[in-house]
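One file, structure_2.pdb, is given below (PDB, C-alpha atoms).
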```pdb
ATOM      1  CA  ASN R   1    -244.124  88.293 100.510
ATOM      2  CA  GLN R   2    -244.196  85.680 103.245
ATOM      3  CA  THR R   3    -244.173  88.370 105.953
ATOM      4  CA  ASP R   4    -247.801  89.107 105.120
ATOM      5  CA  PRO R   5    -249.879  86.758 107.338
ATOM      6  CA  PHE R   6    -252.498  86.070 104.648
ATOM      7  CA  VAL R   7    -249.912  85.300 101.950
ATOM      8  CA  ARG R   8    -247.881  83.160 104.326
ATOM      9  CA  GLN R   9    -250.820  81.068 105.504
ATOM     10  CA  THR R  10    -252.198  80.681 101.981
ATOM     11  CA  GLN R  11    -248.869  79.328 100.755
ATOM     12  CA  LEU R  12    -248.658  76.884 103.673
ATOM     13  CA  ASP R  13    -252.220  75.693 103.043
ATOM     14  CA  TRP R  14    -251.503  75.364  99.316
ATOM     15  CA  ILE R  15    -248.369  73.207  99.723
ATOM     16  CA  LYS R  16    -250.250  70.862 102.041
ATOM     17  CA  TRP R  17    -253.130  70.558  99.550
ATOM     18  CA  PHE R  18    -250.754  70.148  96.587
ATOM     19  CA  VAL R  19    -248.842  67.259  98.169
ATOM     20  CA  GLN R  20    -252.017  65.437  99.198
ATOM     21  CA  GLU R  21    -253.926  66.074  95.965
ATOM     22  CA  TYR R  22    -251.164  64.768  93.686
ATOM     23  CA  ASP R  23    -249.557  62.240  96.063
ATOM     24  CA  ILE R  24    -246.164  63.963  95.854
ATOM     25  CA  ASP R  25    -243.132  62.081  97.188
ATOM     26  CA  TYR R  26    -240.521  64.821  97.056
ATOM     27  CA  LEU R  27    -240.267  68.506  96.231
ATOM     28  CA  ARG R  28    -237.472  70.643  94.760
ATOM     29  CA  LEU R  29    -237.530  74.265  95.857
ATOM     30  CA  ASP R  30    -235.811  76.807  93.608
ATOM     31  CA  THR R  31    -233.918  79.815  95.000
ATOM     32  CA  ALA R  32    -234.309  78.800  98.635
ATOM     33  CA  PRO R  33    -231.880  81.486  99.922
ATOM     34  CA  PHE R  34    -234.345  84.219  98.922
ATOM     35  CA  MET R  35    -236.812  83.095 101.611
ATOM     36  CA  GLU R  36    -236.577  83.490 105.361
ATOM     37  CA  PHE R  37    -235.515  80.457 107.382
ATOM     38  CA  ASP R  38    -238.612  80.549 109.596
ATOM     39  CA  PHE R  39    -240.884  80.430 106.567
ATOM     40  CA  LEU R  40    -238.875  77.553 105.063
ATOM     41  CA  SER R  41    -239.255  75.640 108.340
ATOM     42  CA  ASP R  42    -243.014  76.191 108.293
ATOM     43  CA  LEU R  43    -243.174  75.216 104.609
ATOM     44  CA  GLN R  44    -241.330  71.952 105.311
ATOM     45  CA  GLU R  45    -243.664  71.136 108.180
ATOM     46  CA  SER R  46    -246.767  71.861 106.080
ATOM     47  CA  ALA R  47    -245.556  69.815 103.105
ATOM     48  CA  ASN R  48    -244.889  66.728 105.246
ATOM     49  CA  VAL R  49    -242.654  65.309 102.487
ATOM     50  CA  SER R  50    -238.997  66.074 101.911
ATOM     51  CA  ILE R  51    -238.185  69.410 100.303
ATOM     52  CA  PHE R  52    -234.735  69.802  98.748
ATOM     53  CA  GLY R  53    -233.668  73.405  98.375
ATOM     54  CA  GLU R  54    -231.597  74.910  95.579
ATOM     55  CA  VAL R  55    -228.742  76.747  97.312
ATOM     56  CA  THR R  56    -225.968  77.567  94.852
ATOM     57  CA  THR R  57    -223.183  78.236  97.332
ATOM     58  CA  THR R  58    -219.822  76.614  98.039
ATOM     59  CA  ASN R  59    -219.739  77.672 101.691
ATOM     60  CA  LEU R  60    -220.514  74.490 103.625
ATOM     61  CA  THR R  61    -221.684  76.216 106.810
ATOM     62  CA  PHE R  62    -224.106  78.481 104.952
ATOM     63  CA  HIS R  63    -225.244  75.478 102.894
ATOM     64  CA  ALA R  64    -225.860  73.442 106.053
ATOM     65  CA  GLN R  65    -227.956  76.276 107.486
ATOM     66  CA  PHE R  66    -230.748  75.322 105.100
ATOM     67  CA  GLN R  67    -231.154  72.043 106.988
ATOM     68  CA  SER R  68    -231.096  73.654 110.432
ATOM     69  CA  ASN R  69    -230.837  77.220 111.678
ATOM     70  CA  PRO R  70    -228.416  77.823 113.275
ATOM     71  CA  PRO R  71    -226.418  75.018 111.572
ATOM     72  CA  GLY R  72    -226.049  71.814 113.555
ATOM     73  CA  PRO R  73    -228.280  69.412 115.488
ATOM     74  CA  ALA R  74    -229.397  72.057 117.995
ATOM     75  CA  GLY R  75    -230.846  74.367 115.370
ATOM     76  CA  ARG R  76    -234.470  74.475 114.271
ATOM     77  CA  PRO R  77    -235.028  72.132 111.297
ATOM     78  CA  VAL R  78    -235.409  74.059 108.043
ATOM     79  CA  LEU R  79    -235.588  71.892 104.887
ATOM     80  CA  ASP R  80    -235.051  68.142 104.865
ATOM     81  CA  GLY R  81    -232.445  68.381 102.113
ATOM     82  CA  VAL R  82    -230.307  70.649  99.964
ATOM     83  CA  LEU R  83    -229.022  70.200  96.418
ATOM     84  CA  ASN R  84    -225.292  69.524  96.696
ATOM     85  CA  PHE R  85    -223.923  72.482  94.757
ATOM     86  CA  PRO R  86    -220.703  72.680  96.833
ATOM     87  CA  LEU R  87    -219.591  69.310  95.442
ATOM     88  CA  TYR R  88    -221.219  69.727  92.029
ATOM     89  CA  TYR R  89    -218.795  72.468  91.022
ATOM     90  CA  SER R  90    -215.717  70.451  92.016
ATOM     91  CA  ALA R  91    -217.070  67.214  90.501
ATOM     92  CA  LEU R  92    -217.737  68.803  87.123
ATOM     93  CA  ALA R  93    -214.267  70.354  87.127
ATOM     94  CA  GLY R  94    -212.590  67.206  88.392
ATOM     95  CA  PHE R  95    -214.120  64.753  85.936
ATOM     96  CA  CYS R  96    -214.567  66.949  82.861
ATOM     97  CA  GLY R  97    -212.075  69.804  83.192
ATOM     98  CA  GLU R  98    -214.581  72.621  83.657
ATOM     99  CA  TRP R  99    -212.784  75.496  85.359
ATOM    100  CA  TRP R 100    -213.347  75.893  89.071
ATOM    101  CA  PRO R 101    -210.834  77.017  91.727
ATOM    102  CA  PHE R 102    -208.458  74.216  92.764
ATOM    103  CA  SER R 103    -210.721  71.671  91.067
ATOM    104  CA  GLN R 104    -209.851  71.451  87.370
ATOM    105  CA  TRP R 105    -208.843  67.839  86.599
ATOM    106  CA  ASN R 106    -208.189  67.423  90.330
ATOM    107  CA  LEU R 107    -210.111  64.537  91.862
ATOM    108  CA  THR R 108    -207.941  64.704  94.974
ATOM    109  CA  PHE R 109    -209.546  68.068  95.711
ATOM    110  CA  LEU R 110    -213.016  66.605  95.143
ATOM    111  CA  GLY R 111    -212.172  63.885  97.662
ATOM    112  CA  ALA R 112    -211.035  66.513 100.162
ATOM    113  CA  ARG R 113    -214.314  68.394  99.713
ATOM    114  CA  MET R 114    -216.236  65.172 100.316
ATOM    115  CA  GLU R 115    -214.371  64.739 103.607
ATOM    116  CA  GLN R 116    -214.943  68.382 104.586
ATOM    117  CA  GLN R 117    -218.649  67.941 104.011
ATOM    118  CA  LEU R 118    -218.731  65.030 106.435
ATOM    119  CA  GLU R 119    -217.350  67.348 109.130
ATOM    120  CA  ALA R 120    -219.603  70.304 108.283
ATOM    121  CA  PRO R 121    -222.627  71.071 110.516
ATOM    122  CA  TYR R 122    -225.264  69.334 108.404
ATOM    123  CA  ARG R 123    -228.280  67.792 110.059
ATOM    124  CA  SER R 124    -228.099  64.952 107.497
ATOM    125  CA  VAL R 125    -225.413  64.449 104.845
ATOM    126  CA  GLU R 126    -227.582  61.589 103.591
ATOM    127  CA  ARG R 127    -230.131  64.201 102.447
ATOM    128  CA  LEU R 128    -227.824  66.121 100.158
ATOM    129  CA  GLY R 129    -228.877  65.797  96.519
ATOM    130  CA  ASN R 130    -225.858  64.788  94.400
ATOM    131  CA  PHE R 131    -225.913  65.608  90.680
ATOM    132  CA  VAL R 132    -223.625  66.435  87.751
ATOM    133  CA  ASP R 133    -226.201  68.140  85.535
ATOM    134  CA  ASN R 134    -229.748  69.446  85.639
ATOM    135  CA  HIS R 135    -232.172  71.653  83.726
ATOM    136  CA  ASP R 136    -230.236  74.829  84.629
ATOM    137  CA  THR R 137    -226.685  73.631  83.927
ATOM    138  CA  PRO R 138    -224.770  72.308  80.915
ATOM    139  CA  ARG R 139    -225.320  68.634  80.199
ATOM    140  CA  ILE R 140    -222.541  66.349  81.444
ATOM    141  CA  ALA R 141    -222.171  64.955  77.903
ATOM    142  CA  SER R 142    -221.405  68.469  76.648
ATOM    143  CA  VAL R 143    -218.998  69.390  79.430
ATOM    144  CA  CYS R 144    -217.138  66.087  79.037
ATOM    145  CA  ASN R 145    -217.071  66.453  75.219
ATOM    146  CA  GLN R 146    -218.912  63.143  74.764
ATOM    147  CA  ASP R 147    -216.086  61.213  76.463
ATOM    148  CA  GLU R 148    -218.081  58.208  77.646
ATOM    149  CA  GLY R 149    -215.472  57.115  80.166
ATOM    150  CA  ARG R 150    -215.451  60.471  81.933
ATOM    151  CA  ILE R 151    -219.243  60.655  81.822
ATOM    152  CA  ALA R 152    -219.496  57.163  83.317
ATOM    153  CA  ASN R 153    -217.107  58.095  86.134
ATOM    154  CA  ALA R 154    -219.057  61.267  86.921
ATOM    155  CA  VAL R 155    -222.354  59.366  86.969
ATOM    156  CA  ALA R 156    -220.875  56.622  89.174
ATOM    157  CA  TRP R 157    -219.760  59.303  91.640
ATOM    158  CA  THR R 158    -223.299  60.739  91.643
ATOM    159  CA  MET R 159    -224.898  57.368  92.274
ATOM    160  CA  LEU R 160    -222.542  55.984  94.928
ATOM    161  CA  ALA R 161    -221.272  58.944  96.975
ATOM    162  CA  LYS R 162    -223.016  59.656 100.256
ATOM    163  CA  GLY R 163    -226.280  61.479  99.668
ATOM    164  CA  MET R 164    -229.240  61.137  97.301
ATOM    165  CA  PRO R 165    -228.407  60.766  93.599
ATOM    166  CA  ILE R 166    -230.339  62.899  91.132
ATOM    167  CA  ILE R 167    -230.102  61.881  87.462
ATOM    168  CA  TYR R 168    -231.378  64.289  84.819
ATOM    169  CA  TYR R 169    -233.452  62.526  82.164
ATOM    170  CA  GLY R 170    -231.500  61.930  78.966
ATOM    171  CA  THR R 171    -228.101  61.689  80.634
ATOM    172  CA  GLU R 172    -228.166  57.976  79.856
ATOM    173  CA  ALA R 173    -228.658  58.838  76.167
ATOM    174  CA  LEU R 174    -225.801  61.399  76.160
ATOM    175  CA  LEU R 175    -228.142  64.280  75.423
ATOM    176  CA  THR R 176    -226.434  67.654  75.037
ATOM    177  CA  SER R 177    -229.440  69.973  74.822
ATOM    178  CA  ILE R 178    -230.999  71.421  77.958
ATOM    179  CA  ARG R 179    -234.748  71.149  78.618
ATOM    180  CA  SER R 180    -235.537  69.492  75.302
ATOM    181  CA  SER R 181    -238.181  66.771  75.226
ATOM    182  CA  PHE R 182    -237.135  63.136  75.424
ATOM    183  CA  TRP R 183    -240.049  61.570  73.559
ATOM    184  CA  GLN R 184    -238.321  61.597  70.177
ATOM    185  CA  TYR R 185    -235.367  59.599  71.542
ATOM    186  CA  GLY R 186    -237.512  56.718  72.737
ATOM    187  CA  PHE R 187    -237.171  55.015  76.079
ATOM    188  CA  ASP R 188    -234.643  52.435  74.931
ATOM    189  CA  THR R 189    -233.901  50.138  77.862
ATOM    190  CA  LYS R 190    -231.284  48.320  75.790
ATOM    191  CA  ARG R 191    -229.186  51.465  75.512
ATOM    192  CA  GLU R 192    -225.739  51.020  77.077
ATOM    193  CA  GLY R 193    -226.169  54.099  79.256
ATOM    194  CA  PHE R 194    -229.505  52.858  80.586
ATOM    195  CA  ARG R 195    -228.039  49.441  81.453
ATOM    196  CA  PHE R 196    -225.081  51.107  83.152
ATOM    197  CA  MET R 197    -227.331  53.235  85.358
ATOM    198  CA  LYS R 198    -229.559  50.266  86.105
ATOM    199  CA  THR R 199    -226.549  48.310  87.337
ATOM    200  CA  LEU R 200    -225.334  51.254  89.407
ATOM    201  CA  ASN R 201    -228.783  51.539  90.957
ATOM    202  CA  GLN R 202    -228.740  47.836  91.823
ATOM    203  CA  ILE R 203    -225.359  48.286  93.511
ATOM    204  CA  ARG R 204    -226.582  51.365  95.353
ATOM    205  CA  SER R 205    -229.590  49.437  96.658
ATOM    206  CA  THR R 206    -227.194  47.174  98.578
ATOM    207  CA  ILE R 207    -225.573  50.134 100.372
ATOM    208  CA  SER R 208    -227.203  51.547 103.476
ATOM    209  CA  ALA R 209    -227.849  55.280 103.197
ATOM    210  CA  THR R 210    -225.956  55.692 106.472
ATOM    211  CA  ALA R 211    -222.993  53.511 105.421
ATOM    212  CA  PRO R 212    -219.828  55.458 106.312
ATOM    213  CA  LEU R 213    -217.972  57.159 103.490
ATOM    214  CA  GLN R 214    -214.181  57.113 103.504
ATOM    215  CA  VAL R 215    -211.925  58.694 100.900
ATOM    216  CA  HIS R 216    -208.732  56.729 100.246
ATOM    217  CA  PRO R 217    -205.716  58.772  99.087
ATOM    218  CA  THR R 218    -204.039  57.760  95.832
ATOM    219  CA  SER R 219    -200.804  58.864  94.188
ATOM    220  CA  ASP R 220    -202.593  60.468  91.209
ATOM    221  CA  ASP R 221    -204.798  63.584  91.224
ATOM    222  CA  GLY R 222    -206.589  62.071  88.236
ATOM    223  CA  THR R 223    -208.061  59.274  90.345
ATOM    224  CA  LEU R 224    -210.535  59.154  93.222
ATOM    225  CA  VAL R 225    -211.178  56.173  95.476
ATOM    226  CA  PHE R 226    -213.800  56.034  98.200
ATOM    227  CA  SER R 227    -215.567  53.278 100.094
ATOM    228  CA  ARG R 228    -219.036  52.869 101.550
ATOM    229  CA  GLY R 229    -218.583  50.801 104.676
ATOM    230  CA  ASP R 230    -216.170  47.907 104.334
ATOM    231  CA  SER R 231    -217.953  46.174 101.469
ATOM    232  CA  VAL R 232    -218.016  48.595  98.505
ATOM    233  CA  PHE R 233    -214.922  50.340  97.085
ATOM    234  CA  VAL R 234    -215.396  52.806  94.226
ATOM    235  CA  PHE R 235    -212.482  53.571  91.868
ATOM    236  CA  LEU R 236    -212.931  56.576  89.577
ATOM    237  CA  ASN R 237    -210.736  58.552  87.188
ATOM    238  CA  ASN R 238    -210.797  61.452  84.740
ATOM    239  CA  LYS R 239    -208.532  59.987  82.035
ATOM    240  CA  ALA R 240    -209.400  60.415  78.365
ATOM    241  CA  ASN R 241    -211.036  57.407  76.755
ATOM    242  CA  THR R 242    -207.998  57.054  74.498
ATOM    243  CA  THR R 243    -206.003  56.086  77.582
ATOM    244  CA  GLY R 244    -205.145  52.411  77.936
ATOM    245  CA  HIS R 245    -205.184  50.837  81.362
ATOM    246  CA  VAL R 246    -205.534  52.913  84.539
ATOM    247  CA  GLU R 247    -203.660  52.185  87.753
ATOM    248  CA  TYR R 248    -204.919  53.024  91.230
ATOM    249  CA  CYS R 249    -201.966  52.971  93.589
ATOM    250  CA  GLY R 250    -201.761  53.507  97.319
ATOM    251  CA  VAL R 251    -205.114  51.944  98.288
ATOM    252  CA  ARG R 252    -205.111  48.821 100.430
ATOM    253  CA  LEU R 253    -208.290  46.755 100.459
ATOM    254  CA  PRO R 254    -209.290  44.510 103.391
ATOM    255  CA  GLU R 255    -208.544  40.840 102.969
ATOM    256  CA  PRO R 256    -211.599  39.168 101.418
ATOM    257  CA  GLU R 257    -213.499  36.531 103.323
ATOM    258  CA  THR R 258    -212.607  32.879 102.848
ATOM    259  CA  HIS R 259    -213.529  31.599  99.364
ATOM    260  CA  TYR R 260    -214.277  35.155  98.221
ATOM    261  CA  HIS R 261    -212.337  37.666  96.151
ATOM    262  CA  TRP R 262    -212.683  41.292  95.136
ATOM    263  CA  ALA R 263    -214.485  41.693  91.796
ATOM    264  CA  ASN R 264    -215.921  44.546  89.756
ATOM    265  CA  ALA R 265    -219.673  44.611  90.418
ATOM    266  CA  LEU R 266    -220.208  46.336  87.054
ATOM    267  CA  THR R 267    -218.674  43.502  85.010
ATOM    268  CA  LYS R 268    -218.346  40.604  87.535
ATOM    269  CA  PHE R 269    -214.681  40.204  86.534
ATOM    270  CA  PRO R 270    -212.096  39.686  89.307
ATOM    271  CA  ALA R 271    -209.985  42.659  90.342
ATOM    272  CA  ARG R 272    -206.430  42.603  88.979
ATOM    273  CA  PHE R 273    -203.514  43.861  91.045
ATOM    274  CA  HIS R 274    -199.906  44.484  90.058
ATOM    275  CA  GLU R 275    -197.177  45.593  92.459
ATOM    276  CA  GLY R 276    -199.694  46.919  94.946
ATOM    277  CA  CYS R 277    -201.816  48.799  92.396
ATOM    278  CA  LEU R 278    -205.293  47.970  91.168
ATOM    279  CA  VAL R 279    -205.135  47.805  87.382
ATOM    280  CA  ALA R 280    -208.195  48.674  85.284
ATOM    281  CA  ALA R 281    -208.286  47.593  81.634
ATOM    282  CA  ASN R 282    -209.817  50.930  80.550
ATOM    283  CA  THR R 283    -211.070  54.246  81.912
ATOM    284  CA  LEU R 284    -214.502  53.016  82.989
ATOM    285  CA  PRO R 285    -215.193  53.089  86.733
ATOM    286  CA  LEU R 286    -214.629  50.078  88.956
ATOM    287  CA  VAL R 287    -216.898  49.178  91.862
ATOM    288  CA  LEU R 288    -215.313  46.407  93.892
ATOM    289  CA  THR R 289    -217.351  44.083  96.066
ATOM    290  CA  GLN R 290    -216.617  40.623  97.399
ATOM    291  CA  ARG R 291    -217.849  37.715  95.297
ATOM    292  CA  PRO R 292    -217.532  33.941  95.715
ATOM    293  CA  ARG R 293    -214.467  32.585  93.922
ATOM    294  CA  LEU R 294    -216.129  29.574  92.336
ATOM    295  CA  GLN R 295    -218.506  30.952  89.733
ATOM    296  CA  SER R 296    -218.546  30.037  86.070
ATOM    297  CA  HIS R 297    -218.035  33.591  84.816
ATOM    298  CA  ASP R 298    -214.910  33.914  86.987
ATOM    299  CA  GLN R 299    -213.163  30.933  85.410
TER     300      GLN R 299
END
```
What is this file in structure tokens?
Amino acid sequence: NQTDPFVRQTQLDWIKWFVQEYDIDYLRLDTAPFMEFDFLSDLQESANVSIFGEVTTTNLTFHAQFQSNPPGPAGRPVLDGVLNFPLYYSALAGFCGEWWPFSQWNLTFLGARMEQQLEAPYRSVERLGNFVDNHDTPRIASVCNQDEGRIANAVAWTMLAKGMPIIYYGTEALLTSIRSSFWQYGFDTKREGFRFMKTLNQIRSTISATAPLQVHPTSDDGTLVFSRGDSVFVFLNNKANTTGHVEYCGVRLPEPETHYHWANALTKFPARFHEGCLVAANTLPLVLTQRPRLQSHDQ
């Protein structure tokens, strides 16, 4: 009961002590909507590290209110960040076929929601926590029925969309159980999923957190293309891994700089185009960046 002065002050003192005592970098706050905004503001100030609130809504204005109240830059700051449940529901449905209104197998709708979020009254879209599974939700490997291509596309969206990526331990090992320990699986850094996430993280480290996000329309609801600035273009799909090549049509990339070409940063292979479409050899995601033409692995 945070309306009781003693309880309120004790909780504020405790969060300050807790962060300092254990050198905490970041906090996740469950069930944030069940607390008053003024108390959440005080809690954030006392913690002095970012708190990301769990707000399981799809209403963007209500969601944004947990960063500032009333929503927008003029409101009093509430929490630094919010878990991105509004996009989580559409991402899971878009990549893996989980039912959600307008979203099932529809990556065009996910792209539209990404654009709507940019226009919503958030204090900072960069401080939205993107995820496709966590300790309260089904594992992405389960929802995608172990389809490694779809899982890879969902994880690439998590890592490269605007916001802060949150990866649940064991996703790289295709775990299907929730909240089970990971010790018995070993921390295998040679695992394909681990290497994939490591590469994605290296790519993400080259992208400024404030780099603009733009969604590029395609002719297929089963594909999603977005860019971060002018230097990174992300091509995703929800096709089954039995599918052969995937075409991304309707997206025009900027002309590369002299002596450079567009190449997949995940494999280093040059991008292949046919009749105006980017052609992928399989269903795995493509992340195009400019690379020098004259390199041995490009020959």
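For range 137-139 of chain R, the residues within 8 Å (counting only C-alpha atoms, excluding itself and residues fewer than 4 positions away along the chain) are Asp133, Val143, Thr171, Leu175, Thr176, Ser177 and Ile178 of chain R.
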- Result set of the PyMOL selection byres ((chain R and resi 159) around 10) on the coordinates above, as a PyMOL selection string: chain R and resi 130-131+153-158+160-167+197+200-201+203-204
- Message: Here's the selection I'm unsure about, the PyMOL selection byres ((chain R and resi 84) around 7); applied to the file above, which residues does it give, as JSON, numbers by chain?
- Response: {"R": [82, 83, 85, 86, 87, 88, 128, 129, 130]}
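Distances to Val246 in chain R were evaluated for R:Phe273, R:Phe182, R:Phe194, R:Phe187 using all atoms listed in the file, and the minimum falls at R:Phe273.
For the choices R:Arg123, R:Arg76, R:Arg8, R:Arg28, the atom-to-atom distance to His63 in chain R is smallest for R:Arg123 when using only C-alpha atoms.
The two atoms in question, CA of Thr243 in chain R and CA of Ala281 in chain R, are spaced 9.7 Å apart.
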- Could you state which residues are captured by the PyMOL selection byres ((chain R and resi 234) around 9) in this file, as a PyMOL selection string? chain R and resi 156-157+160-161+224-228+232-233+235-236+285-288
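In terms of minimum interatomic distance to Ala47 in chain R, R:Gln11 ranks closest within R:Asn134, R:Thr206, R:Asn106, R:Gln11, counting all atoms listed in the file.
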- Just the residues within 9 Å of Val251 in chain R, please, counting only C-alpha atoms, with nothing from its chain fewer than 4 positions along; format it as number ranges by chain. R: 216-218, 225, 276-278
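In terms of minimum interatomic distance to Gln44 in chain R, R:Asp13 ranks closest within R:Asp230, R:Glu126, R:Asp13, R:Glu115, counting only C-alpha atoms.
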- Query: Distance CA of Gly75 in chain R-CA of Thr3 in chain R, one decimal place?
  - Reply: 21.5 Å
- Give the answer as one residue: which of R:Val132, R:Leu29, R:Val215, R:Cys96 has the shortest atom-to-atom distance to Arg150 in chain R, using all atoms listed in the file? R:Cys96
Find the residues around Pro256 in chain R up to 10 Å (only C-alpha atoms counted), leave out those fewer than 6 positions away in its own chain, and share them as an mmCIF file with C-alpha atoms, in the coordinates of the input.
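Output below, filename selection39.cif:
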```
data_model
loop_
_atom_site.group_PDB
_atom_site.id
_atom_site.type_symbol
_atom_site.label_atom_id
_atom_site.label_comp_id
_atom_site.auth_asym_id
_atom_site.auth_seq_id
_atom_site.Cartn_x
_atom_site.Cartn_y
_atom_site.Cartn_z
ATOM 1 C CA SER R 231 -217.953 46.174 101.469
ATOM 2 C CA TRP R 262 -212.683 41.292 95.136
ATOM 3 C CA THR R 289 -217.351 44.083 96.066
ATOM 4 C CA GLN R 290 -216.617 40.623 97.399
ATOM 5 C CA ARG R 291 -217.849 37.715 95.297
ATOM 6 C CA PRO R 292 -217.532 33.941 95.715
#
```
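From CA of Leu213 in chain R back to CA of Ile140 in chain R, the distance works out to 24.3 Å.
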- Message: Env of Pro71 in chain R: 12 Å cut, atoms = all atoms listed in the file, seq-sep filter 4 positions within chain, self excluded. Answer as a PyMOL selection string.
- Response: chain R and resi 37+60-67+75-79+120-124
- For Leu110 in chain R: contacts at 9 Å, only C-alpha atoms, fewer than 6 positions along chain excluded, given as a PyMOL selection string: chain R and resi 87+90-91+93-94+103+224
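Proximity ranking of R:Ala209, R:Leu107, R:Ala271, R:Ala263 relative to Asp221 in chain R places R:Leu107 first, based on all atoms listed in the file.
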